[in-house]
There are 2 protein chains.
Amino acid sequence: MPAKTKHSNRVTLDDVAREAGVSAITVSRCIRAPEKVAAPSRLRIQAAIDRLGYVPHMAASALASRRTNVLGLIVPSVTNSVFSDVLLGVYDAIEATGLSVQIANSRYSPSEEETLIRTFLAQRPAGLIVSGVDQTPTGRALLEAADCPVVQIMDVTDNPIDMLVGFSHFDSAASVVRHFMEQGYRRPAILSARMDPRSQVRVSGFRREAERLGIFDPRRVVTTQGRSSVGTGCQLFADLMARAPDADCVFCNNDDLALGVLFEAARRNIRVPEALGVCGFNDLEISAYVNPPLTTVATPRYRTGQEAVRLVAAALGPGVEEAERHLRLEAKLVVRASSQPGWTGPTAT
Amino acid sequence: MPAKTKHSNRVTLDDVAREAGVSAITVSRCIRAPEKVAAPSRLRIQAAIDRLGYVPHMAASALASRRTNVLGLIVPSVTNSVFSDVLLGVYDAIEATGLSVQIANSRYSPSEEETLIRTFLAQRPAGLIVSGVDQTPTGRALLEAADCPVVQIMDVTDNPIDMLVGFSHFDSAASVVRHFMEQGYRRPAILSARMDPRSQVRVSGFRREAERLGIFDPRRVVTTQGRSSVGTGCQLFADLMARAPDADCVFCNNDDLALGVLFEAARRNIRVPEALGVCGFNDLEISAYVNPPLTTVATPRYRTGQEAVRLVAAALGPGVEEAERHLRLEAKLVVRASSQPGWTGPTAT
DNA sequence: CTGTTAGCGCCTTCAA
DNA sequence: TTGAAGGCGCTAACAG
């Protein structure tokens with residue numbers, strides 16, 4: 001039998017095997033489970049690997065073993081710091097698992113998300129993490145049929161696809177309204193950009209609670225389709241002042257917007273929190289340092305990423321208890337000066 | 001509902017072929033180059049694919065064709081907005097290419113980066129984008145030996161590995177010193193956190209230019225190993241005030257730090273820009289909106305991501321002209337109120 | 001335009 | 001502890 005002709009100059013398992021004087025499968029074992037290979041062989045193999053600069057071929061490995069170590073992660077945005085914090089949690093948690101993350105960006109588009117779900121599934125991922133609970137029907141069906149663990153994150157729902165790590169946007173928004181009320185504010189406004197499903201839920205949470213307390217006024221709801229940013233916050237606040245100058249406090253659907261409101265209010269010499277209470281959403285790092293420090297809702301973004309990975313890893317292992325599959329985290333109101341009229345001026349932190 | 005499924009009931013190309021009454025290779029062609037398949041067959045195949053819910057197996061495809069469509073991207077941080085903007089550019093540019101991005105996070109560690117280079121190479125990526133030009137010798141050797149296009153981004157060097165898209169950190173920093181000088185400041189300070197290679201170059205750019213102009217004072221160089229953040233900016237500024245209260249302007253190695261300085265200065269009733277000129281680096285979105293608006297160096301992050309992908313795509317196609325392989329972008333000083341003593345108070349934007 | 005023949009590089013199974 | 005045989009699902013290179 002003629003020697004197999006090699007069409008590429010790649011170093012393969014066979015090359016290493018020959019170099020080490022063992023068979024290919026032994027090299028394979030030596031890489032995946034070194035303890036199952038005798039020490040002498042192991043040493044020779046390792047030496048051969050180093051000498052030849054062997055790098056395993058993942059695709060071949062995936063094909064033969066029918067599994068990949070790819071954890072797919074679909075987020076609506078890579079720039080939004082909300083999701084970059086989730087990423088951080090994911091990356092930190094992934095280390096212990098031997099999995100590798102692959103991020104995809106749906107740009108807040110359900111149909112793009114569906115395409116990405118397809119793409120990921122084509123790679124037979126070890127697991128999949130998707131953002132939110134509002135997949136398209138087809139996307140949902142694909143995920144339900146997927147033979148890998150699936151985790152929905154950043155929101156809660158009554159009928160998750162598989163596993164879930166999230167918190168209630170509705171409740172968070174409602175708690176902000178109550179906080180304003182407790183601080184003595186009576187004419188709350190809400191500012192919101194890009195109306196993705198979770199933003200919408202926050203808006204309705206705000207509305208419901210305000211209605212319940214008898215302090216809702218539709219004039220004080222200002223939204224835009226544009227993406228959320230500090231600049232948008234300035235703009236929306238200007239719009240609000242034009243439409244409903246009587247507003248005495250404002251819930252911004254995220255911290256970017258709230259920061260914009262703070263800066264714009266400063267320019268207009270509107271005193272926060274005396275003349276205007278401000279509350280954001282997410283608790284970005286900067287929010288604690290602006291003047292006045294921003295009251296906001298701290299969302300468990302890092303932890304969400306971490307836990308999602310943990311759930312996938314657990315599902316890949318022996319068995320998961322049903323109780324573990326749905327993790328409802330808490331988003332906590334962090335009260336700072338921007339919503340406390342009793343505040344007395346800038347102080348060093 | 002998920003997991004634990006027996007792994008033999010996958011729909012394969014053969015299943016589709018049988019269903020459509022053609023051979024597997026025809027189905028394969030129909031997916032990759034529909035125009036090379038007769039219309040009737042194509043219709044039957046498409047119908048079969050839909051009926052069976054066929055999803056191609058990437059690993060098998062990669063193995064057989066000896067190529068993947070994975071573009072590996074190694075960044076030192078996923079949360080740093082500098083890199084998330086690069087990501088945005090990458091994602092926007094990738095669409096036209098049919099490639100798929102895979103991000104890895106080196107956490108500013110050269111050795112982690114080396115590991116990631118190995119991991120990526122194991123997947124036979126279509127291309128690789130790495131941050132900076134300071135890979136470990138081994139990492140560099142791996143990349144030089146890689147049989148795929150490699151792009152270094154966010155910095156410049158005389159001997160790039162392969163292709164490059166970046167700008168000069170040294171020159172940028174020097175231009176900031178000159179700007180301060182022109183505005184009448186004479187005792188410049190520099191604040192810097194996490195001393196990654198690019199930050200270091202900026203510090204030396206600042207130092208050299210200040211020395212050249214005869215206004216350098218080592219007391220006014222304040223650095224820390226911690227990661228850069230708004231809080232760190234507050235802290236470093238406090239340190240500076242303790243060490244060298246005579247400083248009349250400060251170059252912050254990035255906008256996070258500068259924002260912290262602005263907020264901390266406000267708390268200390270230090271007037272910017274009259275008593276203190278402030279300049280940041282990167283031009284984050286928020287910097288234009290704070291009070292006073294922040295002078296900073298606008299770095300071409302989005303474009304860097306875009307161009308890097310374009311270079312890879314071009315290298316994958318027919319032929320690239322040598323001239324195209326090294327792209328030196330420009331980082332531009334954006335002068336705003338925080339460094340212009342002539343500024344007269346807050347104004348709406 | 002379509003099919004046949006061979007692998008791609010690795011891992012599973014089973015035997016030694 | 002190690003090895004031999006076979007195949008994972010797909011595609012390059014040729015025929016037809």
# chains A, B, ... in the order shown; residues from 1 in each chain; ligands from 1

$ interface_residues --of "chain C" --to "chain A" --cutoff "12 Å" --atoms "only C-alpha atoms (C1' of nucleotides)" --output "list in words"
DA6, DG7, DC8, DG9, DC10, DC11 and DT12 of chain C

$ calpha_fit_rmsd --fixed "chain B" --moving "chain A"
3.3 Å

$ atom_distance --atom1 "atom CA of A:Asn269" --atom2 "atom CA of B:Leu257"
25.7 Å

$ closest_atom_pairs --of "stretch 110-191 of chain B" --to "stretch 219-234 of chain B" --cutoff "7 Å" --atoms "only C-alpha atoms" --output "Markdown table"
| residue | atom | partner | partner_atom | distance |
| --- | --- | --- | --- | --- |
| B:Ala189 | CA | B:Arg220 | CA | 4.5 |
| B:Ile190 | CA | B:Val221 | CA | 5.0 |
| B:Leu191 | CA | B:Val222 | CA | 5.0 |

$ residues_around --residues "B:Gly205" --least-positions-apart "3" --cutoff "7 Å" --atoms "only C-alpha atoms (C1' of nucleotides)" --output "PDB file with all heavy atoms, in the first residue's frame"
ATOM      1  N   PHE B 170       1.991  57.536  19.817  1.00  0.00           N
ATOM      2  CA  PHE B 170       3.045  58.482  20.176  1.00  0.00           C
ATOM      3  C   PHE B 170       2.715  59.878  19.647  1.00  0.00           C
ATOM      4  O   PHE B 170       2.684  60.857  20.398  1.00  0.00           O
ATOM      5  CB  PHE B 170       4.376  57.993  19.585  1.00  0.00           C
ATOM      6  CG  PHE B 170       5.568  58.737  20.096  1.00  0.00           C
ATOM      7  CD1 PHE B 170       6.295  58.255  21.170  1.00  0.00           C
ATOM      8  CD2 PHE B 170       5.951  59.929  19.503  1.00  0.00           C
ATOM      9  CE1 PHE B 170       7.403  58.950  21.648  1.00  0.00           C
ATOM     10  CE2 PHE B 170       7.055  60.636  19.974  1.00  0.00           C
ATOM     11  CZ  PHE B 170       7.781  60.145  21.048  1.00  0.00           C
ATOM     12  N   ASP B 171       2.430  59.957  18.376  1.00  0.00           N
ATOM     13  CA  ASP B 171       2.128  61.249  17.765  1.00  0.00           C
ATOM     14  C   ASP B 171       0.888  61.890  18.376  1.00  0.00           C
ATOM     15  O   ASP B 171       0.833  63.108  18.580  1.00  0.00           O
ATOM     16  CB  ASP B 171       1.918  61.088  16.254  1.00  0.00           C
ATOM     17  CG  ASP B 171       3.198  60.628  15.562  1.00  0.00           C
ATOM     18  OD1 ASP B 171       4.257  60.622  16.208  1.00  0.00           O
ATOM     19  OD2 ASP B 171       3.123  60.259  14.367  1.00  0.00           O
ATOM     20  N   ALA B 173      -0.300  61.615  21.380  1.00  0.00           N
ATOM     21  CA  ALA B 173       0.007  62.170  22.693  1.00  0.00           C
ATOM     22  C   ALA B 173       0.802  63.462  22.552  1.00  0.00           C
ATOM     23  O   ALA B 173       0.547  64.451  23.248  1.00  0.00           O
ATOM     24  CB  ALA B 173       0.774  61.143  23.523  1.00  0.00           C
ATOM     25  N   ALA B 174       1.744  63.449  21.625  1.00  0.00           N
ATOM     26  CA  ALA B 174       2.556  64.646  21.425  1.00  0.00           C
ATOM     27  C   ALA B 174       1.684  65.829  21.004  1.00  0.00           C
ATOM     28  O   ALA B 174       1.881  66.960  21.456  1.00  0.00           O
ATOM     29  CB  ALA B 174       3.629  64.373  20.370  1.00  0.00           C
ATOM     30  N   VAL B 201       3.086  53.877  25.296  1.00  0.00           N
ATOM     31  CA  VAL B 201       3.581  54.683  24.187  1.00  0.00           C
ATOM     32  C   VAL B 201       3.008  56.101  24.285  1.00  0.00           C
ATOM     33  O   VAL B 201       3.706  57.082  24.039  1.00  0.00           O
ATOM     34  CB  VAL B 201       3.208  54.053  22.833  1.00  0.00           C
ATOM     35  CG1 VAL B 201       3.506  55.023  21.697  1.00  0.00           C
ATOM     36  CG2 VAL B 201       3.975  52.756  22.625  1.00  0.00           C
ATOM     37  N   ARG B 202       1.760  56.198  24.694  1.00  0.00           N
ATOM     38  CA  ARG B 202       1.179  57.534  24.824  1.00  0.00           C
ATOM     39  C   ARG B 202       1.889  58.309  25.929  1.00  0.00           C
ATOM     40  O   ARG B 202       2.170  59.497  25.789  1.00  0.00           O
ATOM     41  CB  ARG B 202      -0.330  57.451  25.109  1.00  0.00           C
ATOM     42  CG  ARG B 202      -1.104  56.838  23.947  1.00  0.00           C
ATOM     43  CD  ARG B 202      -2.570  57.186  23.982  1.00  0.00           C
ATOM     44  NE  ARG B 202      -3.338  56.555  25.039  1.00  0.00           N
ATOM     45  CZ  ARG B 202      -3.870  55.346  24.970  1.00  0.00           C
ATOM     46  NH1 ARG B 202      -3.691  54.592  23.903  1.00  0.00           N
ATOM     47  NH2 ARG B 202      -4.584  54.872  25.974  1.00  0.00           N
ATOM     48  N   ARG B 208       8.152  62.905  25.917  1.00  0.00           N
ATOM     49  CA  ARG B 208       9.113  63.434  24.945  1.00  0.00           C
ATOM     50  C   ARG B 208       8.764  64.842  24.493  1.00  0.00           C
ATOM     51  O   ARG B 208       9.618  65.726  24.452  1.00  0.00           O
ATOM     52  CB  ARG B 208       9.140  62.550  23.700  1.00  0.00           C
ATOM     53  CG  ARG B 208       9.790  61.240  23.902  1.00  0.00           C
ATOM     54  CD  ARG B 208      11.311  61.346  23.939  1.00  0.00           C
ATOM     55  NE  ARG B 208      11.846  59.995  23.979  1.00  0.00           N
ATOM     56  CZ  ARG B 208      11.885  59.207  22.901  1.00  0.00           C
ATOM     57  NH1 ARG B 208      11.506  59.680  21.735  1.00  0.00           N
ATOM     58  NH2 ARG B 208      12.330  57.976  23.003  1.00  0.00           N
ATOM     59  N   GLU B 209       7.502  65.014  24.149  1.00  0.00           N
ATOM     60  CA  GLU B 209       7.113  66.317  23.627  1.00  0.00           C
ATOM     61  C   GLU B 209       7.220  67.377  24.714  1.00  0.00           C
ATOM     62  O   GLU B 209       7.656  68.507  24.461  1.00  0.00           O
ATOM     63  CB  GLU B 209       5.688  66.261  23.059  1.00  0.00           C
ATOM     64  CG  GLU B 209       5.270  67.498  22.283  1.00  0.00           C
ATOM     65  CD  GLU B 209       6.051  67.693  20.983  1.00  0.00           C
ATOM     66  OE1 GLU B 209       6.801  66.768  20.592  1.00  0.00           O
ATOM     67  OE2 GLU B 209       5.947  68.771  20.384  1.00  0.00           O
TER      68      GLU B 209
END

$ closest_atom_pairs --of "chain D" --to "chain A" --cutoff "9 Å" --atoms "only C-alpha atoms (C1' of nucleotides)" --output "JSON lines"
{"residue": "D:DT1", "atom": "C1'", "partner": "A:Val37", "partner_atom": "CA", "distance": 6.6}
{"residue": "D:DT2", "atom": "C1'", "partner": "A:Thr26", "partner_atom": "CA", "distance": 7.0}
{"residue": "D:DG3", "atom": "C1'", "partner": "A:Ser23", "partner_atom": "CA", "distance": 6.8}
{"residue": "D:DG7", "atom": "C1'", "partner": "A:Ala64", "partner_atom": "CA", "distance": 8.1}
{"residue": "D:DC8", "atom": "C1'", "partner": "A:Ala64", "partner_atom": "CA", "distance": 4.7}
{"residue": "D:DG9", "atom": "C1'", "partner": "A:Leu63", "partner_atom": "CA", "distance": 7.4}

$ interface_residues --of "chain A" --to "chain B" --cutoff "8 Å" --atoms "only C-alpha atoms" --output "compact mmCIF listing (two decimals) with N, CA, C and O atoms, in the first residue's frame"
# COMPACT_ATOMS: atom_id res chain seq x y z
N VAL A 55 -0.97 21.23 15.99
CA VAL A 55 -2.17 21.91 16.48
C VAL A 55 -3.38 21.09 16.03
O VAL A 55 -3.55 20.85 14.84
N PRO A 56 -4.19 20.64 16.96
CA PRO A 56 -5.32 19.78 16.59
C PRO A 56 -6.28 20.48 15.63
O PRO A 56 -6.41 21.68 15.64
N HIS A 57 -6.91 19.72 14.83
CA HIS A 57 -7.88 20.24 13.87
C HIS A 57 -9.28 20.10 14.45
O HIS A 57 -9.86 19.02 14.45
N MET A 58 -9.80 21.22 14.92
CA MET A 58 -11.10 21.21 15.58
C MET A 58 -12.22 20.63 14.74
O MET A 58 -13.07 19.90 15.24
N ALA A 59 -12.23 20.99 13.47
CA ALA A 59 -13.33 20.54 12.62
C ALA A 59 -13.32 19.02 12.52
O ALA A 59 -14.37 18.37 12.61
N ALA A 60 -12.14 18.46 12.36
CA ALA A 60 -12.04 17.01 12.27
C ALA A 60 -12.49 16.38 13.58
O ALA A 60 -13.21 15.39 13.61
N ALA A 62 -14.50 17.67 15.74
CA ALA A 62 -15.95 17.85 15.90
C ALA A 62 -16.71 16.84 15.06
O ALA A 62 -17.72 16.28 15.48
N LEU A 63 -16.20 16.61 13.87
CA LEU A 63 -16.88 15.67 12.97
C LEU A 63 -16.84 14.25 13.54
O LEU A 63 -17.86 13.56 13.57
N ARG A 66 -18.71 14.13 17.03
CA ARG A 66 -20.07 14.64 16.98
C ARG A 66 -20.37 15.65 18.07
O ARG A 66 -21.48 15.73 18.58
N VAL A 78 -23.28 44.69 20.58
CA VAL A 78 -21.98 44.47 21.20
C VAL A 78 -21.43 45.74 21.84
O VAL A 78 -20.51 45.69 22.63
N THR A 79 -22.00 46.87 21.45
CA THR A 79 -21.49 48.13 22.01
C THR A 79 -22.21 48.52 23.28
O THR A 79 -21.64 49.13 24.17
N SER A 81 -23.19 48.75 26.68
CA SER A 81 -22.40 48.25 27.80
C SER A 81 -23.17 47.23 28.63
O SER A 81 -22.58 46.44 29.35
N SER A 84 -21.99 44.17 27.10
CA SER A 84 -20.57 43.88 27.26
C SER A 84 -20.28 43.40 28.68
O SER A 84 -19.35 42.63 28.90
N ASP A 85 -21.09 43.82 29.63
CA ASP A 85 -20.91 43.29 30.98
C ASP A 85 -21.33 41.82 31.05
O ASP A 85 -20.73 41.02 31.75
N LEU A 87 -21.03 39.79 28.60
CA LEU A 87 -19.90 39.12 27.97
C LEU A 87 -18.80 38.83 28.96
O LEU A 87 -18.21 37.76 28.97
N LEU A 88 -18.53 39.83 29.78
CA LEU A 88 -17.48 39.69 30.77
C LEU A 88 -17.78 38.51 31.68
O LEU A 88 -16.91 37.67 31.94
N TYR A 91 -17.23 35.29 29.75
CA TYR A 91 -15.82 34.96 29.56
C TYR A 91 -15.18 34.48 30.85
O TYR A 91 -14.36 33.57 30.85
N VAL A 101 -16.44 30.51 23.58
CA VAL A 101 -17.60 31.33 23.25
C VAL A 101 -17.56 31.80 21.81
O VAL A 101 -16.50 32.08 21.27
N GLN A 102 -18.69 31.91 21.22
CA GLN A 102 -18.80 32.57 19.93
C GLN A 102 -19.97 33.53 19.99
O GLN A 102 -21.10 33.13 20.24
N ILE A 103 -19.67 34.80 19.79
CA ILE A 103 -20.69 35.83 19.93
C ILE A 103 -21.29 36.20 18.59
O ILE A 103 -20.59 36.30 17.59
N ALA A 104 -22.57 36.42 18.56
CA ALA A 104 -23.20 36.92 17.35
C ALA A 104 -24.08 38.10 17.74
O ALA A 104 -24.62 38.16 18.83
N ASN A 105 -24.21 39.02 16.82
CA ASN A 105 -24.89 40.28 17.08
C ASN A 105 -26.17 40.38 16.27
O ASN A 105 -26.14 40.45 15.05
N ARG A 118 -30.02 29.83 13.31
CA ARG A 118 -29.76 28.84 12.26
C ARG A 118 -28.27 28.60 12.09
O ARG A 118 -27.81 27.47 12.07
N LEU A 121 -26.78 26.74 15.03
CA LEU A 121 -27.19 25.34 15.07
C LEU A 121 -26.43 24.53 14.03
O LEU A 121 -26.15 23.34 14.24
N ALA A 122 -26.08 25.19 12.93
CA ALA A 122 -25.33 24.50 11.88
C ALA A 122 -23.97 24.05 12.39
O ALA A 122 -23.36 23.16 11.83
N GLN A 123 -23.51 24.68 13.43
CA GLN A 123 -22.19 24.32 13.96
C GLN A 123 -22.29 23.33 15.10
O GLN A 123 -21.29 23.03 15.74
N ARG A 124 -23.49 22.87 15.34
CA ARG A 124 -23.69 21.92 16.44
C ARG A 124 -23.00 22.42 17.70
O ARG A 124 -22.05 21.81 18.18
N GLU A 144 -36.22 25.00 20.33
CA GLU A 144 -36.86 23.91 21.06
C GLU A 144 -36.41 22.56 20.51
O GLU A 144 -36.31 21.58 21.25
N ALA A 145 -36.16 22.54 19.22
CA ALA A 145 -35.75 21.28 18.59
C ALA A 145 -34.25 21.03 18.74
O ALA A 145 -33.76 19.94 18.48
N ALA A 146 -33.51 22.06 19.13
CA ALA A 146 -32.05 21.92 19.23
C ALA A 146 -31.68 20.86 20.25
O ALA A 146 -32.29 20.78 21.30
N ASP A 147 -30.67 20.08 19.92
CA ASP A 147 -30.27 19.06 20.89
C ASP A 147 -29.10 19.53 21.73
O ASP A 147 -28.14 18.82 21.95
N CYS A 148 -29.19 20.77 22.16
CA CYS A 148 -28.18 21.30 23.07
C CYS A 148 -28.88 22.20 24.07
O CYS A 148 -29.99 22.66 23.82
N PRO A 149 -28.27 22.41 25.22
CA PRO A 149 -28.89 23.30 26.19
C PRO A 149 -29.06 24.71 25.63
O PRO A 149 -28.19 25.21 24.93
N ASP A 162 -36.07 26.65 27.41
CA ASP A 162 -35.32 25.59 28.08
C ASP A 162 -34.88 26.11 29.45
O ASP A 162 -35.62 26.02 30.41
N SER A 229 -28.58 56.74 23.78
CA SER A 229 -27.24 57.28 23.96
C SER A 229 -27.33 58.53 24.83
O SER A 229 -28.42 59.00 25.13
N VAL A 230 -26.20 59.05 25.23
CA VAL A 230 -26.19 60.25 26.05
C VAL A 230 -26.81 61.41 25.26
O VAL A 230 -27.63 62.17 25.78
N GLY A 231 -26.43 61.51 24.01
CA GLY A 231 -26.97 62.58 23.16
C GLY A 231 -28.48 62.48 23.06
O GLY A 231 -29.20 63.49 23.14
N GLY A 260 -27.44 61.93 29.97
CA GLY A 260 -27.76 63.04 29.07
C GLY A 260 -28.69 64.03 29.75
O GLY A 260 -28.52 65.25 29.63
N PHE A 263 -26.72 66.13 32.27
CA PHE A 263 -25.87 67.14 31.65
C PHE A 263 -26.73 68.27 31.07
O PHE A 263 -26.40 69.45 31.21
N GLU A 264 -27.81 67.91 30.44
CA GLU A 264 -28.67 68.91 29.82
C GLU A 264 -29.35 69.76 30.90
O GLU A 264 -29.49 70.98 30.75
N ALA A 266 -28.10 70.47 33.75
CA ALA A 266 -27.06 71.38 34.26
C ALA A 266 -26.96 72.60 33.36
O ALA A 266 -26.88 73.74 33.82
N ARG A 267 -26.98 72.35 32.06
CA ARG A 267 -26.88 73.46 31.11
C ARG A 267 -28.07 74.41 31.23
O ARG A 267 -27.94 75.60 31.01
N ARG A 268 -29.22 73.84 31.57
CA ARG A 268 -30.42 74.67 31.68
C ARG A 268 -30.62 75.21 33.09
O ARG A 268 -31.67 75.76 33.41
N GLU A 285 -20.86 52.07 35.43
CA GLU A 285 -19.81 52.48 36.36
C GLU A 285 -19.82 53.98 36.59
O GLU A 285 -19.71 54.47 37.72
N ILE A 286 -19.97 54.74 35.54
CA ILE A 286 -19.89 56.20 35.62
C ILE A 286 -20.99 56.82 36.49
O ILE A 286 -20.81 57.89 37.08
N TYR A 289 -20.37 58.39 39.78
CA TYR A 289 -19.40 59.47 39.87
C TYR A 289 -19.83 60.83 39.33
O TYR A 289 -19.17 61.82 39.55
N VAL A 290 -20.92 60.83 38.58
CA VAL A 290 -21.38 62.12 38.05
C VAL A 290 -21.90 62.98 39.20
O VAL A 290 -22.06 62.52 40.33
N ASN A 291 -22.16 64.25 38.88
CA ASN A 291 -22.68 65.16 39.89
C ASN A 291 -24.08 65.64 39.51
O ASN A 291 -24.22 66.29 38.49
N ALA A 315 -25.77 21.45 32.39
CA ALA A 315 -26.62 20.64 31.53
C ALA A 315 -25.80 19.68 30.68
O ALA A 315 -26.26 18.61 30.31
N LEU A 316 -24.58 20.08 30.39
CA LEU A 316 -23.70 19.23 29.60
C LEU A 316 -23.15 18.09 30.44
O LEU A 316 -22.79 17.04 29.94
N PRO A 346 -22.53 69.00 46.03
CA PRO A 346 -21.48 68.05 45.67
C PRO A 346 -20.59 67.68 46.85
O PRO A 346 -20.21 68.55 47.64
N THR A 347 -20.32 66.41 46.98
CA THR A 347 -19.37 65.96 47.99
C THR A 347 -18.44 64.95 47.34
O THR A 347 -18.85 64.21 46.46
N ALA A 348 -17.23 64.97 47.79
CA ALA A 348 -16.29 63.99 47.25
C ALA A 348 -16.75 62.59 47.64
O ALA A 348 -17.29 62.39 48.72

$ atom_distance --atom1 "atom CA of B:Met163" --atom2 "atom CA of B:Glu307"
10.7 Å

$ select_by_dssp --residues "stretch 100-214 of chain B" --states "alpha helix (DSSP H)" --output "PyMOL selection string"
chain B and resi 110-122+137-145+169-182+197-212

$ atom_distance --atom1 "atom CA of A:Ala258" --atom2 "atom CA of A:Val297"
11.5 Å

$ select_by_dssp --residues "stretch 67-219 of chain A" --states "strand (DSSP E)" --output "ChimeraX atom specification"
/A:70-75,100-105,127-131,150-153,163-166,188-192

$ residues_around --residues "B:Asn69" --least-positions-apart "5" --cutoff "8 Å" --atoms "only C-alpha atoms (C1' of nucleotides)" --output "number ranges by chain"
B: 98-100, 125-126

$ write_last_selection --atoms "C-alpha atoms" --output "PDB file, in the first residue's frame"
ATOM      1  CA  GLY B  98     -19.854  35.639   4.239  1.00  0.00           C
ATOM      2  CA  LEU B  99     -17.359  35.243   7.058  1.00  0.00           C
ATOM      3  CA  SER B 100     -18.342  34.778  10.666  1.00  0.00           C
ATOM      4  CA  PRO B 125      -9.590  30.388  10.584  1.00  0.00           C
ATOM      5  CA  ALA B 126     -10.139  32.267   7.358  1.00  0.00           C
TER       6      ALA B 126
END

$ residues_around --residues "B:Arg178" --least-positions-apart "6" --cutoff "10 Å" --atoms "only C-alpha atoms (C1' of nucleotides)" --output "JSON, numbers by chain"
{"B": [184, 185, 206, 209, 210, 213]}

$ write_last_selection --atoms "C-alpha atoms" --output "PDB file, in the first residue's frame"
ATOM      1  CA  GLY B 184      -1.368  78.867  27.235  1.00  0.00           C
ATOM      2  CA  TYR B 185      -1.012  76.014  29.713  1.00  0.00           C
ATOM      3  CA  PHE B 206       3.630  62.962  26.150  1.00  0.00           C
ATOM      4  CA  GLU B 209       7.113  66.317  23.627  1.00  0.00           C
ATOM      5  CA  ALA B 210       6.906  67.954  27.032  1.00  0.00           C
ATOM      6  CA  LEU B 213       9.167  72.010  25.006  1.00  0.00           C
TER       7      LEU B 213
END

$ residues_around --residues "stretch 278-280 of chain B" --least-positions-apart "6" --cutoff "9 Å" --atoms "only C-alpha atoms (C1' of nucleotides)" --output "ChimeraX atom specification"
/B:176,180,248-259,261-262,272,287,294-297,335-339

$ residues_around --residues "A:Arg198" --least-positions-apart "6" --cutoff "8 Å" --atoms "only C-alpha atoms (C1' of nucleotides)" --output "short mmCIF file (atom, residue, chain, number, x, y, z; two decimals) with N, CA and C atoms, in the first residue's frame"
data_model
loop_
_atom_site.label_atom_id
_atom_site.label_comp_id
_atom_site.auth_asym_id
_atom_site.auth_seq_id
_atom_site.Cartn_x
_atom_site.Cartn_y
_atom_site.Cartn_z
N GLY A 132 -33.15 37.75 25.82
CA GLY A 132 -34.58 38.02 25.80
C GLY A 132 -35.41 36.77 25.60
N ASP A 155 -34.24 38.47 30.84
CA ASP A 155 -35.67 38.72 30.97
C ASP A 155 -36.32 37.48 31.61
N HIS A 169 -38.22 43.16 34.35
CA HIS A 169 -38.13 44.57 33.97
C HIS A 169 -39.35 45.33 34.44
#
